[in-house]
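The file entry13.txt comes next; it holds compact mmCIF, C-alpha atoms (C1' of nucleotides).
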# COMPACT_ATOMS: atom_id res chain seq x y z
CA MET A 1 -6.53 42.17 12.65
CA GLY A 2 -2.92 41.94 11.52
CA LYS A 3 -1.16 38.91 10.18
CA ILE A 4 -0.20 36.26 12.68
CA GLN A 5 3.39 36.06 13.74
CA ALA A 6 5.52 33.35 12.26
CA LEU A 7 8.07 31.41 14.28
CA LYS A 8 11.71 32.21 13.68
CA ASN A 9 12.15 28.84 12.04
CA GLY A 10 8.97 27.46 10.57
CA SER A 11 5.95 28.53 8.58
CA ARG A 12 2.66 29.83 9.91
CA LYS A 13 1.33 26.36 9.30
CA ASP A 14 3.90 24.95 11.73
CA LEU A 15 2.67 27.33 14.40
CA ILE A 16 -0.91 26.21 13.81
CA VAL A 17 0.14 22.56 14.12
CA LYS A 18 1.95 23.34 17.36
CA ASN A 19 -1.07 25.11 18.85
CA ALA A 20 -3.30 22.31 17.62
CA ALA A 21 -1.16 19.75 19.42
CA ALA A 22 -1.49 21.70 22.66
CA LEU A 23 -5.25 22.06 22.26
CA PHE A 24 -5.80 18.43 21.24
CA ARG A 25 -3.81 17.27 24.24
CA LYS A 26 -5.82 19.35 26.70
CA LYS A 27 -9.30 18.64 25.36
CA GLY A 28 -8.95 15.70 22.99
CA PHE A 29 -9.19 15.91 19.21
CA ALA A 30 -12.93 15.40 18.80
CA ALA A 31 -13.76 17.81 21.62
CA SER A 32 -11.58 20.56 20.12
CA SER A 33 -13.15 22.95 17.64
CA MET A 34 -11.52 24.92 14.87
CA ARG A 35 -12.97 28.05 16.46
CA GLU A 36 -11.09 27.33 19.70
CA LEU A 37 -7.91 26.71 17.75
CA ALA A 38 -8.40 29.99 15.90
CA ILE A 39 -8.60 31.84 19.23
CA THR A 40 -5.15 30.56 20.22
CA MET A 41 -3.88 32.15 17.00
CA GLY A 42 -5.82 35.37 17.48
CA ILE A 43 -7.73 34.97 14.21
CA GLU A 44 -11.12 33.76 12.98
CA ALA A 45 -11.70 30.10 12.22
CA PRO A 46 -12.05 30.40 8.43
CA SER A 47 -8.69 32.17 8.25
CA LEU A 48 -7.03 28.95 9.34
CA TYR A 49 -7.91 27.49 5.95
CA ASN A 50 -5.49 29.88 4.24
CA HIS A 51 -2.77 27.73 5.79
CA ILE A 52 -4.16 24.23 6.25
CA GLY A 53 -6.42 21.85 4.39
CA SER A 54 -8.56 20.41 7.16
CA LYS A 55 -8.82 19.69 10.87
CA ASN A 56 -7.85 16.09 10.28
CA GLU A 57 -4.72 17.16 8.44
CA LEU A 58 -3.53 18.75 11.69
CA LEU A 59 -3.89 15.49 13.56
CA GLN A 60 -2.06 13.68 10.76
CA ALA A 61 0.82 16.13 10.94
CA VAL A 62 1.21 15.62 14.68
CA CYS A 63 0.95 11.84 14.60
CA PHE A 64 3.32 11.23 11.71
CA ASN A 65 5.89 13.79 12.85
CA VAL A 66 6.13 11.87 16.11
CA ALA A 67 6.21 8.49 14.39
CA ASN A 68 9.04 9.62 12.12
CA ARG A 69 11.11 10.88 15.04
CA PHE A 70 10.84 7.53 16.80
CA ASN A 71 11.50 5.50 13.67
CA ASP A 72 14.60 7.50 12.77
CA HIS A 73 16.05 7.10 16.24
CA LEU A 74 15.37 3.39 16.29
CA ASP A 75 17.14 3.03 12.94
CA THR A 76 20.33 4.69 14.14
CA THR A 77 20.28 2.94 17.51
CA LEU A 78 19.90 -0.57 16.14
CA ALA A 79 22.56 0.13 13.50
CA SER A 80 25.06 1.37 16.09
CA ALA A 81 27.94 -0.65 17.51
CA ALA A 82 26.57 -0.58 21.07
CA THR A 83 25.83 -3.68 23.13
CA ILE A 84 22.28 -4.94 23.48
CA ILE A 85 21.95 -3.51 26.95
CA GLN A 86 23.38 -0.18 25.82
CA LYS A 87 20.91 -0.09 22.93
CA LEU A 88 17.96 -0.77 25.19
CA ASP A 89 19.20 1.81 27.68
CA ASN A 90 19.54 4.30 24.86
CA LEU A 91 16.04 3.62 23.57
CA ILE A 92 14.41 3.99 26.98
CA ARG A 93 16.18 7.28 27.58
CA PHE A 94 15.15 8.57 24.18
CA HIS A 95 11.51 7.73 24.87
CA ILE A 96 11.70 9.54 28.18
CA ARG A 97 13.23 12.64 26.64
CA MET A 98 10.68 12.66 23.81
CA MET A 99 7.88 12.48 26.38
CA LEU A 100 9.29 15.49 28.23
CA ASP A 101 10.48 17.58 25.26
CA GLU A 102 7.63 16.97 22.82
CA PHE A 103 4.98 16.64 25.49
CA ASP A 104 1.87 17.73 23.56
CA GLU A 105 2.79 16.05 20.30
CA VAL A 106 3.69 12.66 21.78
CA ILE A 107 0.60 12.52 23.97
CA VAL A 108 -1.65 13.42 21.05
CA ALA A 109 -0.02 10.76 18.91
CA ASN A 110 -0.50 8.23 21.73
CA HIS A 111 -4.11 9.13 22.48
CA GLU A 112 -5.77 10.48 19.35
CA TRP A 113 -4.48 8.25 16.55
CA LYS A 114 -7.87 6.51 16.63
CA GLN A 115 -9.37 9.58 14.98
CA LEU A 116 -7.10 9.33 11.93
CA GLU A 117 -8.93 8.59 8.68
CA GLU A 118 -8.17 5.68 6.38
CA PRO A 119 -5.80 4.90 4.83
CA LEU A 120 -3.67 6.83 7.31
CA LEU A 121 -5.06 4.99 10.31
CA THR A 122 -3.93 1.65 8.92
CA ASN A 123 -0.60 3.16 7.92
CA PHE A 124 -0.01 4.54 11.41
CA LEU A 125 -0.93 1.28 13.12
CA SER A 126 1.29 -0.82 10.88
CA GLN A 127 4.20 1.53 11.53
CA ARG A 128 3.65 1.18 15.25
CA LYS A 129 3.43 -2.59 15.02
CA LYS A 130 6.65 -2.68 13.04
CA TYR A 131 8.37 -0.45 15.61
CA GLU A 132 7.17 -2.68 18.41
CA ASN A 133 8.36 -5.81 16.61
CA ARG A 134 11.87 -4.44 16.20
CA PHE A 135 11.85 -3.65 19.92
CA VAL A 136 10.73 -7.21 20.66
CA MET A 137 13.52 -8.63 18.51
CA LEU A 138 16.13 -6.66 20.42
CA ILE A 139 14.88 -8.08 23.69
CA ARG A 140 14.66 -11.58 22.28
CA GLU A 141 18.29 -11.22 21.19
CA GLY A 142 19.23 -10.28 24.75
CA ILE A 143 17.44 -13.35 26.07
CA ASN A 144 19.12 -15.66 23.55
CA GLU A 145 22.52 -14.28 24.46
CA GLY A 146 21.79 -14.97 28.11
CA GLN A 147 21.88 -11.36 29.25
CA PHE A 148 18.16 -10.99 29.93
CA LYS A 149 15.87 -13.11 32.03
CA ASN A 150 13.53 -15.44 30.22
CA ILE A 151 10.63 -12.97 30.21
CA HIS A 152 8.18 -13.17 27.31
CA PRO A 153 9.65 -10.50 24.99
CA HIS A 154 6.27 -9.06 24.00
CA VAL A 155 5.41 -8.59 27.66
CA ALA A 156 8.74 -6.94 28.39
CA THR A 157 8.31 -4.60 25.41
CA LEU A 158 4.83 -3.66 26.49
CA THR A 159 5.98 -3.09 30.05
CA ILE A 160 8.83 -0.80 29.02
CA LEU A 161 6.99 1.24 26.40
CA SER A 162 3.91 1.65 28.56
CA ALA A 163 5.87 2.64 31.63
CA VAL A 164 7.53 5.43 29.71
CA ARG A 165 4.29 6.57 28.10
CA GLY A 166 2.97 7.08 31.62
CA LEU A 167 5.24 10.11 31.93
CA GLU A 168 2.33 12.15 30.63
CA PHE A 169 1.33 12.26 34.30
CA TRP A 170 4.75 13.24 35.53
CA GLN A 171 4.36 17.01 35.48
CA ARG A 172 3.43 17.17 39.14
CA HIS A 173 6.86 16.16 40.41
CA LYS A 174 9.04 17.94 37.87
CA LYS A 175 10.79 20.02 40.49
CA GLU A 176 11.75 17.19 42.80
CA LEU A 177 13.92 15.42 40.25
CA SER A 178 16.16 16.39 37.35
CA ILE A 179 15.56 14.82 33.96
CA GLU A 180 18.76 12.81 34.31
CA GLU A 181 17.77 11.49 37.72
CA LEU A 182 14.35 10.58 36.35
CA GLU A 183 15.96 8.70 33.47
CA ASN A 184 18.30 6.86 35.82
CA ASN A 185 15.48 5.86 38.14
CA MET A 186 13.25 4.53 35.40
CA VAL A 187 16.04 2.72 33.57
CA GLN A 188 17.20 1.08 36.77
CA HIS A 189 13.67 0.01 37.65
CA LEU A 190 12.91 -1.39 34.20
CA LEU A 191 16.27 -3.13 33.76
CA LYS A 192 17.22 -4.21 37.27
CA GLY A 193 13.91 -4.21 39.13
CA LEU A 194 12.59 -2.70 42.33
CA ILE A 195 13.47 -5.41 44.84
CA LYS A 196 17.02 -5.51 46.18
CA MET B 1 -40.15 -2.03 18.64
CA GLY B 2 -40.38 -4.04 21.88
CA LYS B 3 -38.73 -3.23 25.14
CA ILE B 4 -35.02 -3.79 25.39
CA GLN B 5 -33.83 -6.88 27.16
CA ALA B 6 -32.54 -6.50 30.67
CA LEU B 7 -29.53 -8.40 31.96
CA LYS B 8 -30.20 -11.23 34.38
CA ASN B 9 -28.69 -9.15 37.13
CA GLY B 10 -28.93 -5.44 36.51
CA SER B 11 -31.32 -2.81 35.25
CA ARG B 12 -31.75 -1.60 31.70
CA LYS B 13 -29.67 1.37 32.70
CA ASP B 14 -26.79 -0.95 33.57
CA LEU B 15 -26.95 -2.43 30.08
CA ILE B 16 -26.85 1.03 28.54
CA VAL B 17 -23.81 1.89 30.66
CA LYS B 18 -22.10 -1.29 29.57
CA ASN B 19 -22.76 -0.63 25.89
CA ALA B 20 -21.67 2.97 26.36
CA ALA B 21 -18.37 1.82 27.82
CA ALA B 22 -17.74 -0.38 24.79
CA LEU B 23 -18.64 2.42 22.38
CA PHE B 24 -16.63 5.07 24.22
CA ARG B 25 -13.59 2.81 24.24
CA LYS B 26 -13.75 2.15 20.52
CA LYS B 27 -14.44 5.70 19.32
CA GLY B 28 -13.74 7.97 22.27
CA PHE B 29 -16.41 9.76 24.32
CA ALA B 30 -16.66 12.97 22.30
CA ALA B 31 -16.70 11.12 19.00
CA SER B 32 -19.51 8.80 20.14
CA SER B 33 -23.09 9.89 19.54
CA MET B 34 -26.23 8.98 21.42
CA ARG B 35 -27.66 7.78 18.11
CA GLU B 36 -24.83 5.26 17.76
CA LEU B 37 -25.36 4.12 21.33
CA ALA B 38 -29.09 3.74 20.67
CA ILE B 39 -28.32 1.46 17.71
CA THR B 40 -26.39 -0.92 19.98
CA MET B 41 -29.57 -1.16 22.07
CA GLY B 42 -31.87 -1.53 19.09
CA ILE B 43 -33.88 1.59 19.97
CA GLU B 44 -34.10 5.25 18.96
CA ALA B 45 -31.87 7.81 20.63
CA PRO B 46 -34.56 9.71 22.56
CA SER B 47 -35.72 6.45 24.13
CA LEU B 48 -32.43 6.28 26.00
CA TYR B 49 -33.61 9.19 28.10
CA ASN B 50 -36.28 7.05 29.71
CA HIS B 51 -33.40 5.36 31.53
CA ILE B 52 -30.60 7.89 31.85
CA GLY B 53 -30.26 11.58 32.50
CA SER B 54 -27.58 12.59 30.03
CA LYS B 55 -24.66 11.43 27.95
CA ASN B 56 -22.25 12.75 30.52
CA GLU B 57 -23.94 10.74 33.24
CA LEU B 58 -22.91 7.59 31.37
CA LEU B 59 -19.27 8.61 31.45
CA GLN B 60 -19.58 9.41 35.14
CA ALA B 61 -21.01 5.98 35.86
CA VAL B 62 -18.15 4.24 34.08
CA CYS B 63 -15.39 6.34 35.64
CA PHE B 64 -16.60 6.16 39.22
CA ASN B 65 -17.51 2.49 39.09
CA VAL B 66 -13.92 1.77 38.14
CA ALA B 67 -12.51 4.15 40.74
CA ASN B 68 -14.57 2.50 43.46
CA ARG B 69 -13.39 -0.98 42.51
CA PHE B 70 -9.76 0.09 42.76
CA ASN B 71 -10.23 2.00 45.99
CA ASP B 72 -12.02 -0.88 47.68
CA HIS B 73 -9.31 -3.34 46.73
CA LEU B 74 -6.55 -1.01 47.91
CA ASP B 75 -8.32 -0.65 51.26
CA THR B 76 -8.46 -4.38 51.89
CA THR B 77 -4.94 -5.01 50.61
CA LEU B 78 -3.27 -2.38 52.75
CA ALA B 79 -5.26 -3.52 55.80
CA SER B 80 -4.24 -7.15 55.32
CA ALA B 81 -1.51 -8.96 57.27
CA ALA B 82 0.64 -9.56 54.17
CA THR B 83 4.24 -8.40 53.82
CA ILE B 84 5.07 -5.28 51.83
CA ILE B 85 6.25 -7.31 48.87
CA GLN B 86 3.16 -9.50 49.00
CA LYS B 87 0.95 -6.41 49.09
CA LEU B 88 2.66 -4.89 46.08
CA ASP B 89 2.50 -8.20 44.24
CA ASN B 90 -1.20 -8.43 45.06
CA LEU B 91 -1.87 -4.89 43.83
CA ILE B 92 -0.09 -5.40 40.53
CA ARG B 93 -1.96 -8.62 39.86
CA PHE B 94 -5.28 -6.95 40.66
CA HIS B 95 -4.54 -4.14 38.22
CA ILE B 96 -3.71 -6.67 35.53
CA ARG B 97 -6.88 -8.64 36.10
CA MET B 98 -9.00 -5.48 36.12
CA MET B 99 -7.45 -4.46 32.80
CA LEU B 100 -8.36 -7.83 31.28
CA ASP B 101 -11.75 -8.41 32.95
CA GLU B 102 -13.19 -4.90 32.80
CA PHE B 103 -11.44 -3.96 29.58
CA ASP B 104 -13.82 -1.32 28.22
CA GLU B 105 -14.61 0.31 31.54
CA VAL B 106 -11.02 0.64 32.75
CA ILE B 107 -9.78 2.01 29.44
CA VAL B 108 -12.59 4.56 29.30
CA ALA B 109 -11.84 5.64 32.87
CA ASN B 110 -8.16 5.97 31.97
CA HIS B 111 -8.70 7.87 28.73
CA GLU B 112 -11.91 9.84 28.92
CA TRP B 113 -11.97 11.24 32.46
CA LYS B 114 -10.97 14.58 30.94
CA GLN B 115 -14.48 14.93 29.57
CA LEU B 116 -16.08 14.75 33.03
CA GLU B 117 -17.84 17.95 34.11
CA GLU B 118 -17.09 19.85 37.29
CA PRO B 119 -17.29 19.20 40.14
CA LEU B 120 -16.88 15.53 39.21
CA LEU B 121 -13.69 16.13 37.29
CA THR B 122 -12.00 17.55 40.37
CA ASN B 123 -13.45 14.78 42.50
CA PHE B 124 -12.12 12.09 40.16
CA LEU B 125 -8.66 13.60 39.99
CA SER B 126 -8.36 14.00 43.74
CA GLN B 127 -9.40 10.38 44.21
CA ARG B 128 -6.76 9.27 41.76
CA LYS B 129 -4.11 11.39 43.44
CA LYS B 130 -5.04 9.93 46.80
CA TYR B 131 -4.85 6.41 45.40
CA GLU B 132 -1.45 7.13 43.93
CA ASN B 133 -0.18 8.61 47.18
CA ARG B 134 -1.12 5.50 49.13
CA PHE B 135 0.73 3.45 46.53
CA VAL B 136 3.75 5.72 46.93
CA MET B 137 3.67 5.29 50.70
CA LEU B 138 3.72 1.51 50.40
CA ILE B 139 6.81 1.67 48.22
CA ARG B 140 8.47 4.18 50.50
CA GLU B 141 7.84 1.81 53.37
CA GLY B 142 9.57 -0.94 51.41
CA ILE B 143 12.56 1.31 50.82
CA ASN B 144 12.78 2.32 54.46
CA GLU B 145 12.69 -1.30 55.56
CA GLY B 146 15.56 -2.05 53.17
CA GLN B 147 13.59 -4.41 50.94
CA PHE B 148 13.39 -2.13 47.91
CA LYS B 149 16.14 -0.31 46.07
CA ASN B 150 16.45 3.39 46.65
CA ILE B 151 14.32 4.34 43.66
CA HIS B 152 12.31 7.55 43.89
CA PRO B 153 8.94 6.17 45.06
CA HIS B 154 6.89 8.44 42.79
CA VAL B 155 8.86 7.21 39.79
CA ALA B 156 8.42 3.58 40.82
CA THR B 157 4.69 4.09 41.29
CA LEU B 158 4.34 5.73 37.92
CA THR B 159 6.37 2.99 36.27
CA ILE B 160 4.28 0.20 37.76
CA LEU B 161 0.85 1.74 37.22
CA SER B 162 1.67 2.87 33.69
CA ALA B 163 3.14 -0.45 32.68
CA VAL B 164 -0.04 -2.22 33.69
CA ARG B 165 -2.28 0.36 32.02
CA GLY B 166 -0.47 -0.48 28.77
CA LEU B 167 -2.29 -3.83 28.75
CA GLU B 168 -4.96 -2.09 26.71
CA PHE B 169 -2.73 -3.05 23.77
CA TRP B 170 -2.33 -6.64 24.85
CA GLN B 171 -5.23 -8.19 22.93
CA ARG B 172 -3.02 -9.20 20.04
CA HIS B 173 -1.09 -11.82 21.99
CA LYS B 174 -3.85 -13.18 24.16
CA LYS B 175 -3.51 -16.69 22.80
CA GLU B 176 0.23 -17.03 23.31
CA LEU B 177 0.08 -16.64 27.07
CA SER B 178 -2.34 -17.49 29.87
CA ILE B 179 -3.45 -14.76 32.23
CA GLU B 180 -1.41 -16.30 35.02
CA GLU B 181 1.75 -16.41 32.89
CA LEU B 182 1.18 -12.81 31.86
CA GLU B 183 0.84 -11.80 35.51
CA ASN B 184 3.99 -13.69 36.45
CA ASN B 185 6.00 -12.13 33.64
CA MET B 186 4.96 -8.57 34.42
CA VAL B 187 5.37 -8.94 38.17
CA GLN B 188 8.82 -10.43 37.74
CA HIS B 189 9.86 -7.67 35.36
CA LEU B 190 8.55 -4.86 37.56
CA LEU B 191 9.87 -6.30 40.82
CA LYS B 192 13.07 -8.05 39.79
CA GLY B 193 14.00 -6.42 36.50
CA LEU B 194 14.84 -7.58 33.01
CA ILE B 195 18.61 -8.03 33.28
CA LYS B 196 19.91 -11.23 34.84
C1' DA C 1 -59.75 -8.28 31.12
C1' DT C 2 -58.32 -3.86 32.74
C1' DA C 3 -55.72 -0.14 34.75
C1' DA C 4 -51.32 1.67 35.56
C1' DA C 5 -46.66 2.14 34.68
C1' DA C 6 -42.72 1.55 31.83
C1' DA C 7 -40.63 2.27 27.67
C1' DA C 8 -40.85 2.83 23.11
C1' DC C 9 -41.99 6.15 19.23
C1' DT C 10 -42.07 10.72 16.07
C1' DA C 11 -41.20 15.48 15.51
C1' DA C 12 -38.76 19.24 16.56
C1' DT C 13 -35.27 22.63 18.38
C1' DA C 14 -31.40 25.35 19.36
C1' DA C 15 -26.61 25.09 19.45
C1' DC C 16 -22.52 23.89 17.37
C1' DT C 17 -19.63 21.64 13.71
C1' DG C 18 -16.11 21.97 9.73
C1' DT C 19 -15.79 24.26 5.73
C1' DT C 20 -16.80 27.38 1.36
C1' DA C 21 -17.24 31.61 -1.14
C1' DG C 22 -16.44 36.14 -1.78
C1' DT C 23 -14.39 40.44 -0.07
C1' DT C 24 -11.26 43.48 2.32
C1' DT C 25 -7.07 44.40 4.57
C1' DT C 26 -2.19 43.95 5.27
C1' DG C 27 2.73 43.97 4.30
C1' DC C 28 6.46 43.56 1.23
C1' DA C 29 8.93 44.43 -3.39
C1' DA C 30 9.34 47.35 -7.22
C1' DT D 1 3.98 55.23 -4.19
C1' DT D 2 1.98 51.49 -6.39
C1' DG D 3 0.91 46.69 -7.35
C1' DC D 4 0.54 42.10 -5.88
C1' DA D 5 0.32 38.21 -3.06
C1' DA D 6 -0.58 36.64 1.45
C1' DA D 7 -3.68 36.47 4.89
C1' DA D 8 -7.17 38.31 7.26
C1' DC D 9 -12.33 39.23 7.36
C1' DT D 10 -17.82 38.44 7.15
C1' DA D 11 -21.63 35.73 5.86
C1' DA D 12 -23.39 31.60 5.16
C1' DC D 13 -24.25 26.49 4.56
C1' DA D 14 -25.43 21.91 5.25
C1' DG D 15 -24.84 18.48 8.59
C1' DT D 16 -24.70 16.75 13.26
C1' DT D 17 -25.32 17.12 18.16
C1' DA D 18 -27.78 16.25 22.72
C1' DT D 19 -31.98 16.82 24.35
C1' DT D 20 -37.31 18.04 25.03
C1' DA D 21 -42.14 17.46 24.43
C1' DG D 22 -45.91 14.96 23.40
C1' DT D 23 -47.90 10.52 21.92
C1' DT D 24 -48.39 5.64 21.31
C1' DT D 25 -47.17 1.05 22.29
C1' DT D 26 -45.84 -2.58 25.32
C1' DT D 27 -45.45 -4.87 29.62
C1' DT D 28 -46.85 -5.71 34.36
C1' DA D 29 -49.98 -6.16 38.21
C1' DT D 30 -54.56 -6.67 39.82

Would it be possible to restate this file's structure as structure tokens?
Amino acid sequence: MGKIQALKNGSRKDLIVKNAAALFRKKGFAASSMRELAITMGIEAPSLYNHIGSKNELLQAVCFNVANRFNDHLDTTLASAATIIQKLDNLIRFHIRMMLDEFDEVIVANHEWKQLEEPLLTNFLSQRKKYENRFVMLIREGINEGQFKNIHPHVATLTILSAVRGLEFWQRHKKELSIEELENNMVQHLLKGLIK
Amino acid sequence: MGKIQALKNGSRKDLIVKNAAALFRKKGFAASSMRELAITMGIEAPSLYNHIGSKNELLQAVCFNVANRFNDHLDTTLASAATIIQKLDNLIRFHIRMMLDEFDEVIVANHEWKQLEEPLLTNFLSQRKKYENRFVMLIREGINEGQFKNIHPHVATLTILSAVRGLEFWQRHKKELSIEELENNMVQHLLKGLIK
DNA sequence: ATAAAAAACTAATAACTGTTAGTTTTGCAA
DNA sequence: TTGCAAAACTAACAGTTATTAGTTTTTTAT
């Protein structure tokens, strides 16, 4: 068997991580075996260990890559000169695009973080809590400035982030709606409501 | 070791299913072992098989119990004399209460249905699709009658159902808000929006 | 008290798990 | 063409898994 093909940009390890994300999403982390992952690469399971350290390391790579992407975007958005509503709009749209563009990775990070090992599990959870708190503060700011309704900011944050996460089930209607239309529909619903 | 204690109402099997739901929620189905489950019952793993047929049967019980609860409630709600908005309000509040009251079971059904075996996997998914379609039709009806904004009804359905499912992360703020206040906040956000 | 049924136990198995050690093959640079 | 590093291979392991078979204990009903 010949060597596996590398991506144009990225090491062989990156390709393994990408295939792992796809496999973990379909079957779940614990129900996925290294032998199955090896098949997607066209090699034997032990050969994977020329490129990676362990199965758990693959999950870590996926989860923290996703976390970093979200954290970086939140940094730049909150630091921008946009209005509160523009910032929130921007954040929602970014979450939607991440769900669609990095489908496997984001879903794995959302579903399988429980299987991370300490101290990474604690690290991941505290990062997520911090992210959520900054989101809450933005909404609280909007309430204080009189632009948002007096909705409990934790509830509003949960509602928004969860609604977007639900896009993992969107695949069925991809053709009916463009990404931009999808974004507009969700943003309108979450910001202005369903009732006329 | 004596016999395990039965619930006041319910067989020993029901208690096993209940403990299984709690275990599966905490660790995930595939990462949970029958030995761990046996420990929660205070017995040895093989003794479980005096009451149940297989590990997978436990997952089936959890998933289809939840599905039946939701289907039954949807039946009665849609058949009621309430207005469209009242029906939708009613459905959202039921989902919220199910998330809080049947925490373990609903989360397991939402997360671990992938591990169901055929033909039950297909059965479960078609039930869920059917449920979702009836939800979509209710919203479409509201749009046609001019009560709802012209939001793509599949998107609105996804937004509402996903937002509520996110209550699996709510535990942290339980004390700050009563269940009724939580319901009111979420319903207002999902029906009337965040922006004033 | 006794018989029957329910439910616990111990021992064992075959399949599968992630991972290692050691060896051979491959592909690129000289 | 040759040498070397990267990356594949085979064989194997120690541990865990769900589950079965067979036996003993416990509870229930008469």

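The chain B residues that come within 12 Å of chain D are B:Met1, B:Gly2, B:Lys3, B:Ile4, B:Ala30, B:Ala31, B:Ser32, B:Ser33, B:Met34, B:Arg35, B:Glu36, B:Ala45, B:Pro46, B:Ser47, B:Leu48, B:Tyr49, B:Asn50, B:Ile52, B:Gly53, B:Ser54, B:Lys55, B:Asn56, with only C-alpha atoms (C1' of nucleotides) taken into account.
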
Please, which residues of chain C lie no more than 10 Å from chain A when the count uses only C-alpha atoms (C1' of nucleotides), and can they be set out as an MDAnalysis selection string? chainID C and resid 16:20 25:27

Could you please determine the separation between CA of Phe148 (chain B) and CA of Asn184 (chain B) in Å, to one decimal place? 18.8 Å

Using all atoms listed in the file, the best pick from A:Val164, A:His152, A:Val66, A:Arg128 as closest to Glu181 (chain B) would be A:His152

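Checking B:Val62, B:Met137, B:Leu120, B:Ile107 one by one against chain A, counting all atoms listed in the file, you find the shortest gap at B:Ile107.
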
If we count all atoms listed in the file, which residues of chain B reach to within 6 Å of chain A? Please list them as a ChimeraX atom specification. /B:30-31,147-149,151,159,162-163,166,185,190-196

Can you pull out every residue within 10 Å of Trp113 (chain A), counting only C-alpha atoms (C1' of nucleotides), but drop anything in the same chain fewer than 3 positions away, and send it as a PyMOL selection string? chain A and resi 29+59-60+62-64+107-110+116-117+120-121+124-125

Missing atoms in region 129-143 of chain A: fill them in up to N, CA and C atoms and send the result as a tab-separated table (two decimals), keeping the file's coordinate frame.
chain	number	residue	atom	x	y	z
A	129	LYS	N	3.22	-1.16	14.84
A	129	LYS	CA	3.43	-2.59	15.02
A	129	LYS	C	4.85	-2.98	14.62
A	130	LYS	N	5.30	-2.39	13.52
A	130	LYS	CA	6.65	-2.68	13.04
A	130	LYS	C	7.68	-2.20	14.07
A	131	TYR	N	7.47	-1.00	14.59
A	131	TYR	CA	8.37	-0.45	15.61
A	131	TYR	C	8.43	-1.39	16.80
A	132	GLU	N	7.27	-1.80	17.24
A	132	GLU	CA	7.17	-2.68	18.41
A	132	GLU	C	7.89	-4.01	18.14
A	133	ASN	N	7.72	-4.52	16.93
A	133	ASN	CA	8.36	-5.81	16.61
A	133	ASN	C	9.88	-5.73	16.63
A	134	ARG	N	10.41	-4.59	16.17
A	134	ARG	CA	11.87	-4.44	16.20
A	134	ARG	C	12.36	-4.36	17.65
A	135	PHE	N	11.54	-3.73	18.49
A	135	PHE	CA	11.85	-3.65	19.92
A	135	PHE	C	11.85	-5.06	20.53
A	136	VAL	N	10.84	-5.83	20.16
A	136	VAL	CA	10.73	-7.21	20.66
A	136	VAL	C	11.95	-8.03	20.25
A	137	MET	N	12.37	-7.84	19.01
A	137	MET	CA	13.52	-8.63	18.51
A	137	MET	C	14.79	-8.31	19.28
A	138	LEU	N	14.95	-7.04	19.64
A	138	LEU	CA	16.13	-6.66	20.42
A	138	LEU	C	16.13	-7.39	21.77
A	139	ILE	N	14.97	-7.41	22.39
A	139	ILE	CA	14.88	-8.08	23.69
A	139	ILE	C	15.06	-9.58	23.55
A	140	ARG	N	14.49	-10.14	22.51
A	140	ARG	CA	14.66	-11.58	22.28
A	140	ARG	C	16.14	-11.92	22.10
A	141	GLU	N	16.85	-11.04	21.39
A	141	GLU	CA	18.29	-11.22	21.19
A	141	GLU	C	19.02	-11.25	22.54
A	142	GLY	N	18.62	-10.32	23.42
A	142	GLY	CA	19.23	-10.28	24.75
A	142	GLY	C	18.96	-11.54	25.54
A	143	ILE	N	17.77	-12.09	25.37
A	143	ILE	CA	17.44	-13.35	26.07
A	143	ILE	C	18.29	-14.48	25.51
